[in-house]
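> Take a look at final39.pdb, PDB, C-alpha atoms and all ligand atoms:
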```pdb
ATOM      1  CA  MET D 443      -9.761 -10.234  22.400
ATOM      2  CA  ARG D 444     -11.140  -7.176  20.652
ATOM      3  CA  ALA D 445     -11.318  -6.723  16.896
ATOM      4  CA  ALA D 446     -12.873  -4.069  14.651
ATOM      5  CA  VAL D 447     -15.495  -5.521  12.311
ATOM      6  CA  ILE D 448     -17.382  -3.926   9.415
ATOM      7  CA  ASN D 449     -21.136  -3.748   9.968
ATOM      8  CA  ASN D 450     -22.793  -1.768   7.154
ATOM      9  CA  GLU D 451     -21.881   1.893   7.635
ATOM     10  CA  ARG D 452     -20.249   1.280  10.984
ATOM     11  CA  ILE D 453     -17.112  -0.238  12.396
ATOM     12  CA  GLU D 454     -17.962  -2.223  15.500
ATOM     13  CA  ILE D 455     -15.554  -3.385  18.161
ATOM     14  CA  LYS D 456     -16.420  -6.997  18.897
ATOM     15  CA  GLU D 457     -15.162  -9.755  21.157
ATOM     16  CA  TYR D 458     -13.341 -12.329  19.060
ATOM     17  CA  GLU D 459     -11.764 -15.632  19.898
ATOM     18  CA  LYS D 460      -8.009 -15.128  20.256
ATOM     19  CA  PRO D 461      -6.175 -17.197  17.612
ATOM     20  CA  ALA D 462      -4.322 -20.187  19.061
ATOM     21  CA  LEU D 463      -1.297 -21.993  17.643
ATOM     22  CA  ALA D 464      -2.732 -25.375  18.592
ATOM     23  CA  ASN D 465      -5.513 -25.198  16.004
ATOM     24  CA  SER D 466      -3.855 -23.015  13.374
ATOM     25  CA  GLY D 467      -0.880 -25.065  12.188
ATOM     26  CA  LYS D 468       2.724 -23.932  11.959
ATOM     27  CA  GLY D 469       3.166 -20.216  12.438
ATOM     28  CA  ALA D 470       3.098 -17.543  15.095
ATOM     29  CA  ILE D 471       0.681 -15.629  17.248
ATOM     30  CA  ILE D 472       1.364 -11.947  16.967
ATOM     31  CA  LYS D 473       0.257  -9.325  19.411
ATOM     32  CA  VAL D 474      -0.655  -6.428  17.146
ATOM     33  CA  LEU D 475       0.975  -3.165  18.187
ATOM     34  CA  GLY D 476      -0.522  -1.177  15.353
ATOM     35  CA  SER D 477      -1.756  -1.219  11.754
ATOM     36  CA  GLY D 478      -1.831   1.391   9.040
ATOM     37  CA  LEU D 479      -5.192   2.169   7.469
ATOM     38  CA  CYS D 480      -4.975   1.522   3.725
ATOM     39  CA  GLY D 481      -7.082   2.995   0.912
ATOM     40  CA  SER D 482      -8.098  -0.557   0.015
ATOM     41  CA  ASP D 483      -9.446  -1.019   3.563
ATOM     42  CA  ILE D 484     -11.620   2.045   3.069
ATOM     43  CA  ILE D 485     -12.940   0.714  -0.240
ATOM     44  CA  LYS D 486     -13.955  -2.546   1.478
ATOM     45  CA  TYR D 487     -15.654  -0.516   4.181
ATOM     46  CA  LEU D 488     -17.531   1.593   1.615
ATOM     47  CA  HIS D 489     -18.582  -1.594  -0.182
ATOM     48  CA  LYS D 490     -19.965  -2.881   3.136
ATOM     49  CA  GLN D 491     -17.998  -6.113   3.207
ATOM     50  CA  ASN D 492     -19.698  -7.007   6.467
ATOM     51  CA  GLY D 493     -18.034  -9.225   9.020
ATOM     52  CA  ILE D 494     -14.440  -8.700   7.913
ATOM     53  CA  VAL D 495     -11.649  -7.380  10.087
ATOM     54  CA  LEU D 496      -9.614  -4.911   8.008
ATOM     55  CA  GLY D 497      -5.948  -3.982   8.395
ATOM     56  CA  HIS D 498      -2.883  -5.495   6.713
ATOM     57  CA  GLU D 499      -0.076  -2.992   7.334
ATOM     58  CA  VAL D 500       0.758  -4.667  10.600
ATOM     59  CA  VAL D 501       3.471  -4.178  13.184
ATOM     60  CA  GLY D 502       3.500  -6.459  16.190
ATOM     61  CA  GLU D 503       5.315  -8.646  18.656
ATOM     62  CA  ILE D 504       5.646 -12.408  18.341
ATOM     63  CA  THR D 505       4.157 -13.892  21.506
ATOM     64  CA  GLU D 506       4.084 -17.582  20.535
ATOM     65  CA  ILE D 507       5.858 -19.359  17.709
ATOM     66  CA  ASP D 508       6.206 -22.799  16.207
ATOM     67  CA  THR D 509       8.139 -22.694  12.931
ATOM     68  CA  GLU D 510      11.414 -23.612  11.260
ATOM     69  CA  THR D 511      12.244 -19.920  10.818
ATOM     70  CA  ASN D 512      14.762 -17.775  12.742
ATOM     71  CA  PHE D 513      12.050 -15.677  14.339
ATOM     72  CA  LYS D 514      11.581 -16.022  18.068
ATOM     73  CA  GLN D 515       9.242 -14.963  20.802
ATOM     74  CA  GLY D 516       9.607 -11.257  21.583
ATOM     75  CA  ASP D 517      10.656 -10.223  18.061
ATOM     76  CA  ILE D 518       9.115  -6.941  16.948
ATOM     77  CA  ILE D 519       8.082  -7.401  13.352
ATOM     78  CA  VAL D 520       6.348  -5.803  10.393
ATOM     79  CA  MET D 521       4.452  -7.967   7.937
ATOM     80  CA  GLY D 522       2.490  -8.069   4.709
ATOM     81  CA  HIS D 523      -0.495 -10.270   4.012
ATOM     82  CA  HIS D 524      -0.357 -12.063   0.612
ATOM     83  CA  ILE D 525       2.162 -14.551  -0.776
ATOM     84  CA  PRO D 526       2.310 -15.587  -4.447
ATOM     85  CA  CYS D 527       3.082 -19.242  -5.257
ATOM     86  CA  GLY D 528       5.760 -18.401  -7.820
ATOM     87  CA  GLU D 529       4.739 -21.224 -10.146
ATOM     88  CA  CYS D 530       1.340 -20.587 -11.684
ATOM     89  CA  VAL D 531       0.688 -18.896 -15.026
ATOM     90  CA  PHE D 532       0.110 -15.559 -13.245
ATOM     91  CA  CYS D 533       3.300 -15.699 -11.213
ATOM     92  CA  LYS D 534       5.306 -16.705 -14.288
ATOM     93  CA  GLY D 535       3.850 -13.667 -16.054
ATOM     94  CA  LYS D 536       4.737 -11.501 -13.028
ATOM     95  CA  SER D 537       1.053 -10.775 -12.320
ATOM     96  CA  TYR D 538       1.556 -11.978  -8.768
ATOM     97  CA  SER D 539      -1.576 -10.296  -7.445
ATOM     98  CA  MET D 540      -3.680 -12.556  -9.705
ATOM     99  CA  CYS D 541      -2.207 -15.767  -8.236
ATOM    100  CA  LYS D 542      -4.743 -18.009  -6.505
ATOM    101  CA  GLN D 543      -2.484 -18.612  -3.512
ATOM    102  CA  PHE D 544      -1.805 -14.878  -3.306
ATOM    103  CA  LYS D 545      -5.513 -14.145  -2.991
ATOM    104  CA  GLN D 546      -6.061 -16.934  -0.473
ATOM    105  CA  THR D 547      -3.191 -16.175   1.882
ATOM    106  CA  ASN D 548      -4.096 -13.642   4.528
ATOM    107  CA  ILE D 549      -3.459 -12.827   8.146
ATOM    108  CA  ARG D 550      -6.257 -13.906  10.456
ATOM    109  CA  PRO D 551      -8.495 -12.309  11.450
ATOM    110  CA  GLY D 552      -6.995  -8.942  10.314
ATOM    111  CA  GLY D 553      -4.693  -6.186  11.457
ATOM    112  CA  PHE D 554      -7.313  -4.252  13.386
ATOM    113  CA  SER D 555      -7.465  -6.822  16.174
ATOM    114  CA  GLU D 556      -5.450  -7.475  19.303
ATOM    115  CA  TYR D 557      -3.871 -10.708  18.078
ATOM    116  CA  ILE D 558      -3.385 -12.336  14.691
ATOM    117  CA  PHE D 559      -2.153 -15.680  13.444
ATOM    118  CA  ALA D 560       0.659 -15.526  10.886
ATOM    119  CA  SER D 561       1.401 -18.756   9.000
ATOM    120  CA  GLU D 562       4.911 -20.077   8.485
ATOM    121  CA  LEU D 563       4.597 -18.986   4.849
ATOM    122  CA  HIS D 564       4.019 -15.409   6.034
ATOM    123  CA  LEU D 565       6.984 -15.555   8.358
ATOM    124  CA  GLN D 566       9.191 -16.861   5.559
ATOM    125  CA  ASN D 567       8.046 -14.420   2.887
ATOM    126  CA  THR D 568       6.424 -11.234   4.098
ATOM    127  CA  THR D 569       7.632 -10.760   7.694
ATOM    128  CA  HIS D 570      10.672  -8.762   8.774
ATOM    129  CA  LYS D 571      12.182  -7.682  12.052
ATOM    130  CA  ILE D 572      11.890  -3.916  12.407
ATOM    131  CA  PRO D 573      15.314  -2.273  12.107
ATOM    132  CA  LYS D 574      16.382  -0.371  15.244
ATOM    133  CA  ASN D 575      16.282   3.070  13.649
ATOM    134  CA  LEU D 576      12.692   2.726  12.433
ATOM    135  CA  SER D 577       9.689   3.630  14.543
ATOM    136  CA  LEU D 578       6.663   1.340  14.489
ATOM    137  CA  THR D 579       4.627   3.849  12.517
ATOM    138  CA  ASP D 580       7.388   4.324   9.948
ATOM    139  CA  ALA D 581       7.802   0.546   9.606
ATOM    140  CA  SER D 582       4.070   0.180   8.937
ATOM    141  CA  PHE D 583       4.700   1.811   5.542
ATOM    142  CA  MET D 584       6.522  -1.297   4.304
ATOM    143  CA  GLU D 585       3.439  -2.739   2.591
ATOM    144  CA  PRO D 586       2.157   0.407   0.836
ATOM    145  CA  LEU D 587       5.689   1.301  -0.258
ATOM    146  CA  GLY D 588       6.188  -2.285  -1.453
ATOM    147  CA  CYS D 589       3.155  -1.783  -3.711
ATOM    148  CA  CYS D 590       4.702   1.374  -5.167
ATOM    149  CA  ILE D 591       8.045  -0.315  -5.814
ATOM    150  CA  ARG D 592       6.246  -3.075  -7.640
ATOM    151  CA  ALA D 593       4.472  -0.454  -9.781
ATOM    152  CA  ALA D 594       7.782   1.229 -10.602
ATOM    153  CA  GLU D 595       9.341  -2.124 -11.516
ATOM    154  CA  ARG D 596       6.454  -3.202 -13.694
ATOM    155  CA  ALA D 597       6.416   0.064 -15.638
ATOM    156  CA  ASP D 598      10.036  -0.763 -16.552
ATOM    157  CA  LEU D 599      10.927   2.776 -17.638
ATOM    158  CA  PRO D 600      14.420   3.633 -18.870
ATOM    159  CA  GLU D 601      16.432   5.496 -16.242
ATOM    160  CA  ASN D 602      15.971   9.269 -16.086
ATOM    161  CA  SER D 603      12.436   9.130 -17.418
ATOM    162  CA  LYS D 604      10.257  12.141 -16.704
ATOM    163  CA  VAL D 605       7.301  10.889 -14.695
ATOM    164  CA  ALA D 606       4.204  12.704 -13.446
ATOM    165  CA  VAL D 607       2.473  11.284 -10.385
ATOM    166  CA  ILE D 608      -1.156  12.429 -10.299
ATOM    167  CA  GLY D 609      -2.556  12.461  -6.764
ATOM    168  CA  LEU D 610      -0.314  13.255  -3.810
ATOM    169  CA  GLY D 611      -2.044  11.355  -1.061
ATOM    170  CA  THR D 612       0.121   8.959   0.900
ATOM    171  CA  ILE D 613       0.421   6.545  -2.018
ATOM    172  CA  GLY D 614       1.336   9.324  -4.439
ATOM    173  CA  LEU D 615       4.021  10.606  -2.071
ATOM    174  CA  LEU D 616       5.437   7.097  -1.655
ATOM    175  CA  MET D 617       5.177   6.415  -5.393
ATOM    176  CA  GLY D 618       7.063   9.569  -6.289
ATOM    177  CA  GLN D 619       9.856   8.759  -3.857
ATOM    178  CA  ALA D 620      10.047   5.173  -5.116
ATOM    179  CA  LEU D 621      10.333   6.487  -8.690
ATOM    180  CA  LYS D 622      13.079   8.872  -7.556
ATOM    181  CA  ALA D 623      14.901   5.917  -6.037
ATOM    182  CA  PHE D 624      14.683   4.230  -9.459
ATOM    183  CA  GLY D 625      16.510   7.216 -10.964
ATOM    184  CA  HIS D 626      13.599   9.086 -12.530
ATOM    185  CA  GLU D 627      12.704  12.755 -12.616
ATOM    186  CA  VAL D 628       9.400  13.077 -10.765
ATOM    187  CA  ILE D 629       6.729  15.760 -10.944
ATOM    188  CA  GLY D 630       3.956  15.580  -8.358
ATOM    189  CA  ILE D 631       0.506  16.769  -9.448
ATOM    190  CA  ASP D 632      -2.285  17.682  -7.057
ATOM    191  CA  LEU D 633      -4.714  20.524  -6.424
ATOM    192  CA  ILE D 634      -4.140  20.673  -2.656
ATOM    193  CA  LYS D 635      -1.381  23.079  -1.687
ATOM    194  CA  ASP D 636      -0.348  21.230   1.508
ATOM    195  CA  ARG D 637       0.246  18.093  -0.527
ATOM    196  CA  LEU D 638       2.382  19.916  -3.072
ATOM    197  CA  ASP D 639       4.462  21.230  -0.165
ATOM    198  CA  LEU D 640       4.887  17.709   1.179
ATOM    199  CA  ALA D 641       6.007  16.464  -2.245
ATOM    200  CA  GLU D 642       8.650  19.182  -2.380
ATOM    201  CA  LYS D 643       9.768  18.373   1.154
ATOM    202  CA  PHE D 644      10.137  14.710   0.177
ATOM    203  CA  GLY D 645      12.387  15.540  -2.770
ATOM    204  CA  PHE D 646      10.122  15.515  -5.829
ATOM    205  CA  ASN D 647      11.776  17.492  -8.646
ATOM    206  CA  GLU D 648       8.656  19.620  -8.981
ATOM    207  CA  ALA D 649       5.149  19.760  -7.545
ATOM    208  CA  LYS D 650       2.332  21.629  -9.280
ATOM    209  CA  ASN D 651      -1.306  21.591 -10.408
ATOM    210  CA  ALA D 652      -0.694  20.383 -13.953
ATOM    211  CA  VAL D 653       1.971  19.810 -16.600
ATOM    212  CA  GLU D 654       1.935  20.659 -20.324
ATOM    213  CA  ASP D 655       0.229  18.232 -22.658
ATOM    214  CA  GLY D 656       2.574  15.593 -24.072
ATOM    215  CA  SER D 657       5.415  16.662 -21.789
ATOM    216  CA  VAL D 658       6.162  13.535 -19.737
ATOM    217  CA  ASP D 659       7.378  10.019 -20.543
ATOM    218  CA  ALA D 660       5.006   8.410 -18.080
ATOM    219  CA  VAL D 661       2.070   9.177 -15.816
ATOM    220  CA  PHE D 662       1.346   7.250 -12.628
ATOM    221  CA  LEU D 663      -2.249   7.548 -11.462
ATOM    222  CA  THR D 664      -2.612   7.344  -7.709
ATOM    223  CA  ALA D 665      -5.754   9.446  -7.275
ATOM    224  CA  GLY D 666      -9.162   7.839  -7.456
ATOM    225  CA  ALA D 667     -10.753  10.748  -9.324
ATOM    226  CA  ASN D 668     -12.557  10.397 -12.661
ATOM    227  CA  ALA D 669     -10.929  13.484 -14.175
ATOM    228  CA  THR D 670      -7.430  12.078 -13.772
ATOM    229  CA  VAL D 671      -7.984   9.537 -16.567
ATOM    230  CA  ASN D 672      -8.262  12.366 -19.059
ATOM    231  CA  SER D 673      -5.341  14.275 -17.529
ATOM    232  CA  ALA D 674      -3.114  11.209 -17.798
ATOM    233  CA  GLN D 675      -3.841  10.853 -21.524
ATOM    234  CA  LYS D 676      -3.117  14.517 -22.107
ATOM    235  CA  TYR D 677       0.092  14.775 -20.112
ATOM    236  CA  VAL D 678       1.829  11.689 -21.492
ATOM    237  CA  ARG D 679       3.904  12.025 -24.637
ATOM    238  CA  ASN D 680       3.309   9.873 -27.706
ATOM    239  CA  GLY D 681       4.621   6.371 -27.099
ATOM    240  CA  GLY D 682       4.574   6.958 -23.341
ATOM    241  CA  THR D 683       3.360   4.875 -20.419
ATOM    242  CA  ILE D 684       0.362   5.264 -18.115
ATOM    243  CA  LEU D 685       0.377   3.187 -14.950
ATOM    244  CA  ILE D 686      -2.910   2.882 -13.058
ATOM    245  CA  PHE D 687      -2.720   2.453  -9.308
ATOM    246  CA  SER D 688      -6.210   3.452  -8.203
ATOM    247  CA  SER D 689      -9.832   2.677  -8.835
ATOM    248  CA  ILE D 690     -12.237   5.427  -9.822
ATOM    249  CA  ALA D 691     -15.866   5.905  -8.893
ATOM    250  CA  ASP D 692     -17.245   5.858 -12.448
ATOM    251  CA  ASP D 693     -15.971   2.812 -14.279
ATOM    252  CA  ASN D 694     -17.567   4.018 -17.552
ATOM    253  CA  ILE D 695     -14.932   6.702 -17.906
ATOM    254  CA  GLY D 696     -12.202   5.001 -19.812
ATOM    255  CA  PHE D 697      -9.072   5.504 -21.851
ATOM    256  CA  SER D 698      -9.536   6.435 -25.469
ATOM    257  CA  ASN D 699      -9.061   3.467 -27.786
ATOM    258  CA  ASN D 700      -7.839   5.738 -30.547
ATOM    259  CA  ALA D 701      -5.458   7.657 -28.324
ATOM    260  CA  ILE D 702      -3.845   4.388 -27.275
ATOM    261  CA  TYR D 703      -3.781   3.173 -30.873
ATOM    262  CA  TYR D 704      -2.649   6.225 -32.810
ATOM    263  CA  ARG D 705      -0.294   7.494 -30.122
ATOM    264  CA  GLU D 706       1.094   4.057 -29.264
ATOM    265  CA  LEU D 707       0.470   4.525 -25.565
ATOM    266  CA  LYS D 708       1.244   1.796 -23.111
ATOM    267  CA  VAL D 709      -1.418   1.489 -20.379
ATOM    268  CA  LEU D 710      -0.856  -0.922 -17.525
ATOM    269  CA  SER D 711      -1.741  -1.400 -13.899
ATOM    270  CA  THR D 712      -0.475  -2.976 -10.725
ATOM    271  CA  TYR D 713      -1.827  -3.522  -7.307
ATOM    272  CA  SER D 714      -0.299  -5.086  -4.241
ATOM    273  CA  ALA D 715       3.283  -5.872  -3.320
ATOM    274  CA  THR D 716       5.424  -9.018  -3.596
ATOM    275  CA  PRO D 717       7.758 -10.546  -0.986
ATOM    276  CA  ASP D 718      10.672  -9.069  -2.934
ATOM    277  CA  THR D 719       9.298  -5.523  -3.127
ATOM    278  CA  LEU D 720       8.364  -5.604   0.578
ATOM    279  CA  LYS D 721      11.979  -6.329   1.401
ATOM    280  CA  LYS D 722      13.170  -3.506  -0.849
ATOM    281  CA  ALA D 723      10.611  -1.162   0.728
ATOM    282  CA  LEU D 724      11.818  -1.824   4.242
ATOM    283  CA  LYS D 725      15.395  -1.134   3.156
ATOM    284  CA  LEU D 726      14.441   2.201   1.559
ATOM    285  CA  LEU D 727      12.637   3.182   4.772
ATOM    286  CA  GLU D 728      15.546   2.056   6.932
ATOM    287  CA  ASP D 729      18.034   4.030   4.831
ATOM    288  CA  LYS D 730      15.700   7.086   4.919
ATOM    289  CA  ILE D 731      15.727   7.197   1.123
ATOM    290  CA  VAL D 732      11.952   7.210   1.320
ATOM    291  CA  ARG D 733      10.618   9.577   3.975
ATOM    292  CA  VAL D 734       7.316   9.234   5.756
ATOM    293  CA  ASP D 735       7.855  11.659   8.634
ATOM    294  CA  GLY D 736       4.803  13.641   9.594
ATOM    295  CA  LEU D 737       2.399  11.608   7.431
ATOM    296  CA  THR D 738       0.597   9.606  10.107
ATOM    297  CA  THR D 739      -2.085  10.497  12.615
ATOM    298  CA  GLU D 740      -2.571   7.978  15.429
ATOM    299  CA  TYR D 741      -5.918   6.618  16.579
ATOM    300  CA  ASN D 742      -7.015   3.988  19.076
ATOM    301  CA  LEU D 743      -8.824   0.881  17.854
ATOM    302  CA  GLU D 744     -12.115   2.287  19.179
ATOM    303  CA  ASP D 745     -11.670   5.284  16.898
ATOM    304  CA  LEU D 746     -11.165   3.360  13.641
ATOM    305  CA  GLN D 747     -14.478   4.704  12.366
ATOM    306  CA  LYS D 748     -13.267   8.258  12.926
ATOM    307  CA  ALA D 749      -9.937   7.448  11.279
ATOM    308  CA  ILE D 750     -11.810   6.307   8.154
ATOM    309  CA  GLU D 751     -13.999   9.419   8.130
ATOM    310  CA  ASP D 752     -11.026  11.733   8.629
ATOM    311  CA  THR D 753      -9.192  10.028   5.762
ATOM    312  CA  LEU D 754     -12.223  10.280   3.463
ATOM    313  CA  SER D 755     -12.615  13.993   4.193
ATOM    314  CA  ASN D 756      -8.874  14.620   3.547
ATOM    315  CA  LYS D 757      -8.489  15.855   7.125
ATOM    316  CA  ILE D 758      -5.465  13.610   7.588
ATOM    317  CA  MET D 759      -2.934  11.956   5.271
ATOM    318  CA  LYS D 760      -2.572   8.505   6.783
ATOM    319  CA  ALA D 761      -4.125   6.879   9.833
ATOM    320  CA  TYR D 762      -2.164   4.529  12.052
ATOM    321  CA  ILE D 763      -4.260   2.544  14.489
ATOM    322  CA  ARG D 764      -2.411   1.944  17.734
ATOM    323  CA  ILE D 765      -3.549  -1.316  19.316
ATOM    324  CA  GLY D 766      -1.250  -2.995  21.863
ATOM    325  CA  GLU D 767       1.769  -1.740  23.790
TER     326      GLU D 767
HETATM  327 ZN    ZN D 801      -2.106  -1.438   2.124
HETATM  328 ZN    ZN D 802       1.049 -18.133  -8.367
END
```
Re-express the file's structure as structure tokens.


Amino acid sequence: MRAAVINNERIEIKEYEKPALANSGKGAIIKVLGSGLCGSDIIKYLHKQNGIVLGHEVVGEITEIDTETNFKQGDIIVMGHHIPCGECVFCKGKSYSMCKQFKQTNIRPGGFSEYIFASELHLQNTTHKIPKNLSLTDASFMEPLGCCIRAAERADLPENSKVAVIGLGTIGLLMGQALKAFGHEVIGIDLIKDRLDLAEKFGFNEAKNAVEDGSVDAVFLTAGANATVNSAQKYVRNGGTILIFSSIADDNIGFSNNAIYYRELKVLSTYSATPDTLKKALKLLEDKIVRVDGLTTEYNLEDLQKAIEDTLSNKIMKAYIRIGE
């Protein structure tokens, strides 16, 4: 089978051994129909993590199965890739992404390949049948939206909080809609006009280039730009919350110790989803409470390299790599 592998500055399509149930343990073989391209995939590509097959926002068809679950051959599913153990010190503290099992569980070899193996644990925790009214591309947003729901939960804001989302890429647009679903008033911030228009179309209360200093209860950072760290500190009111959901290029640019101290700011972060937030995400997509229409551009597996380049140059919002039929 074919799979897309990182090789320095290139993505190469290589022949891979097709996963087999016989030597993988309980689980399922899934014919990948498509995978969304995630910002975290692009970071791994830029960091030249050679030899890995990226892709974890997977939709596919179960072609072989050996589990105690209700899934069967022929089911069209969407799945996520990490499962927390629920019992370690990290899970008990709700830092699921730090759990050792969470980090170790993954789909093999990765979503940008023709077939993957999904363990029974994946089928039990992070796999769902795609509801009839959802297209494959729309369903592929389960994982990124699940990450946003987790961020909204962890920030634990009182209802009706005024929240600014800085960065209206795909994650920012999902984050804002997730925050709306939690009952908050959401202002989208970006410099790109098309993205502000999208935010308005998706029901943000407002979308603009900036807000007044100290005018919002919380700021969610979804743009990986150095300048946004400073903006977040300015926009948030005293005693407010800043949630970080992005890495930035220059890690020496930080939050001001004294601003956090004297203004009693709460600064926290999240990354990744949990089995519970994946389930909630799929429901919000199914009920069309969160909209993703018009966000994706489709590419073939051979064009993954181009999909990455187009994403990096802001030519497209979100790439979906179509693989099988
Ligand atoms: Zn993702
Ligand atoms: Zn754990």

> Using all atoms listed in the file, can you tell me which of D:Gly736, D:Gly535, D:Gly553, D:Pro586 comes closest to ligand ZN 801 (chain D)?

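Of the candidates, the smallest distance to ligand ZN 801 (chain D) is held by D:Pro586.
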
> What would the selection look like, as a VMD selection string, if the PyMOL selection byres (((chain D and resi 610-613) around 9) and not hetatm) were run on the coordinates I just shared?

chain D and resid 481 586 to 587 589 to 590 607 to 609 614 to 618 630 to 634 637 to 638 640 to 641 664 to 665 687 734 737 756 759 to 760

> Give as an MDAnalysis selection string the set of residues within 7 Å of the point (0.0, 4.7, 8.4), where distances use the file's coordinates and only C-alpha atoms.

chainID D and resid 478:479 579 582:583 738 760:762

> From the set D:Ile702, D:Ile519, D:Ile471, D:Ala593, which residue has the shortest atom-to-atom contact distance to Tyr538 in chain D, counting all atoms listed in the file?

D:Ala593

> Extract, using only C-alpha atoms, all DNA, RNA and protein residues at most 9 Å from range 725-730 of chain D, discarding same-chain residues fewer than 5 positions from it, and format them as a list in words.

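Using only C-alpha atoms, the neighbours found are Ile572, Pro573, Lys574, Asn575, Leu576, Asp580, Ala581, Phe583, Met584, Leu587, Ala620, Ala623 and Leu720 of chain D.
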
> Here is a test: counting only C-alpha atoms, which residue of D:Glu459, D:Glu503, D:Asp693, D:Glu451 is nearest to Lys490 in chain D?

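Once distances to Lys490 in chain D are computed over only C-alpha atoms, the minimum belongs to D:Glu451.
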
> Produce as a list of chain:residue names the set of residues near ligand ZN 801 (chain D), where near means within 7 Å with all atoms listed in the file considered.

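With all atoms listed in the file and a cut-off of 7 Å, ligand ZN 801 (chain D) is contacted by D:Cys480, D:Gly481, D:Ser482, D:His498, D:Glu499, D:Glu585, D:Pro586.
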
> Where does chain D meet ligand ZN 802 (chain D) within 7 Å, residue by residue, with the nearest atom pair and distance in Å to one decimal for each, counting all atoms listed in the file, listed by chain and rising number, as a tab-separated table?


```
residue	atom	partner	partner_atom	distance
D:Pro526	CA	D:ZN802	ZN	4.8
D:Cys527	CA	D:ZN802	ZN	3.9
D:Gly528	CA	D:ZN802	ZN	4.8
D:Glu529	CA	D:ZN802	ZN	5.1
D:Cys530	CA	D:ZN802	ZN	4.1
D:Val531	CA	D:ZN802	ZN	6.7
D:Phe532	CA	D:ZN802	ZN	5.6
D:Cys533	CA	D:ZN802	ZN	4.4
D:Tyr538	CA	D:ZN802	ZN	6.2
D:Cys541	CA	D:ZN802	ZN	4.0
D:Lys542	CA	D:ZN802	ZN	6.1
D:Gln543	CA	D:ZN802	ZN	6.0
D:Phe544	CA	D:ZN802	ZN	6.7
```

> From the options D:Gly682, D:Gly497, D:Gly766, D:Gly696, which residue's atoms come nearest to Ile472 in chain D, counting only C-alpha atoms?

D:Gly766

> Specify as a PDB file with C-alpha atoms, keeping the file's coordinate frame each residue included when the PyMOL selection byres (((chain D and resi 446) around 10) and not hetatm) is applied to this file.


```
ATOM      1  CA  ARG D 444     -11.140  -7.176  20.652  1.00  0.00           C
ATOM      2  CA  ALA D 445     -11.318  -6.723  16.896  1.00  0.00           C
ATOM      3  CA  VAL D 447     -15.495  -5.521  12.311  1.00  0.00           C
ATOM      4  CA  ILE D 448     -17.382  -3.926   9.415  1.00  0.00           C
ATOM      5  CA  ASN D 449     -21.136  -3.748   9.968  1.00  0.00           C
ATOM      6  CA  ARG D 452     -20.249   1.280  10.984  1.00  0.00           C
ATOM      7  CA  ILE D 453     -17.112  -0.238  12.396  1.00  0.00           C
ATOM      8  CA  GLU D 454     -17.962  -2.223  15.500  1.00  0.00           C
ATOM      9  CA  ILE D 455     -15.554  -3.385  18.161  1.00  0.00           C
ATOM     10  CA  LYS D 456     -16.420  -6.997  18.897  1.00  0.00           C
ATOM     11  CA  GLU D 457     -15.162  -9.755  21.157  1.00  0.00           C
ATOM     12  CA  TYR D 458     -13.341 -12.329  19.060  1.00  0.00           C
ATOM     13  CA  GLY D 493     -18.034  -9.225   9.020  1.00  0.00           C
ATOM     14  CA  ILE D 494     -14.440  -8.700   7.913  1.00  0.00           C
ATOM     15  CA  VAL D 495     -11.649  -7.380  10.087  1.00  0.00           C
ATOM     16  CA  LEU D 496      -9.614  -4.911   8.008  1.00  0.00           C
ATOM     17  CA  GLY D 497      -5.948  -3.982   8.395  1.00  0.00           C
ATOM     18  CA  PRO D 551      -8.495 -12.309  11.450  1.00  0.00           C
ATOM     19  CA  GLY D 552      -6.995  -8.942  10.314  1.00  0.00           C
ATOM     20  CA  GLY D 553      -4.693  -6.186  11.457  1.00  0.00           C
ATOM     21  CA  PHE D 554      -7.313  -4.252  13.386  1.00  0.00           C
ATOM     22  CA  SER D 555      -7.465  -6.822  16.174  1.00  0.00           C
ATOM     23  CA  GLU D 556      -5.450  -7.475  19.303  1.00  0.00           C
ATOM     24  CA  LEU D 743      -8.824   0.881  17.854  1.00  0.00           C
ATOM     25  CA  GLU D 744     -12.115   2.287  19.179  1.00  0.00           C
ATOM     26  CA  ASP D 745     -11.670   5.284  16.898  1.00  0.00           C
ATOM     27  CA  LEU D 746     -11.165   3.360  13.641  1.00  0.00           C
ATOM     28  CA  GLN D 747     -14.478   4.704  12.366  1.00  0.00           C
TER      29      GLN D 747
END
```

> When you draw a straight line from CA of Ala464 in chain D to CA of Thr509 in chain D, how long is it in Å?

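CA of Ala464 in chain D sits 12.5 Å away from CA of Thr509 in chain D.
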
> For a quick check of understanding, using only C-alpha atoms, which of D:Asp718, D:His524, D:Ala749, D:Tyr704 has the smallest distance to Asp483 in chain D?

D:Ala749

> Please report the interatomic distance between CA of Gln546 in chain D and CA of Lys460 in chain D in Å with one decimal.

20.9 Å

> Can you translate the PyMOL selection byres (((chain D and resi 661) around 6) and not hetatm) into the concrete residues it hits in this file, as a list of chain:residue names?

D:Val605, D:Ala606, D:Val607, D:Ala660, D:Phe662, D:Ala674, D:Ile684

> What is the distance between CA of Ile484 in chain D and CA of Ala667 in chain D, in Å to one decimal?

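Separation of CA of Ile484 in chain D and CA of Ala667 in chain D: 15.2 Å.
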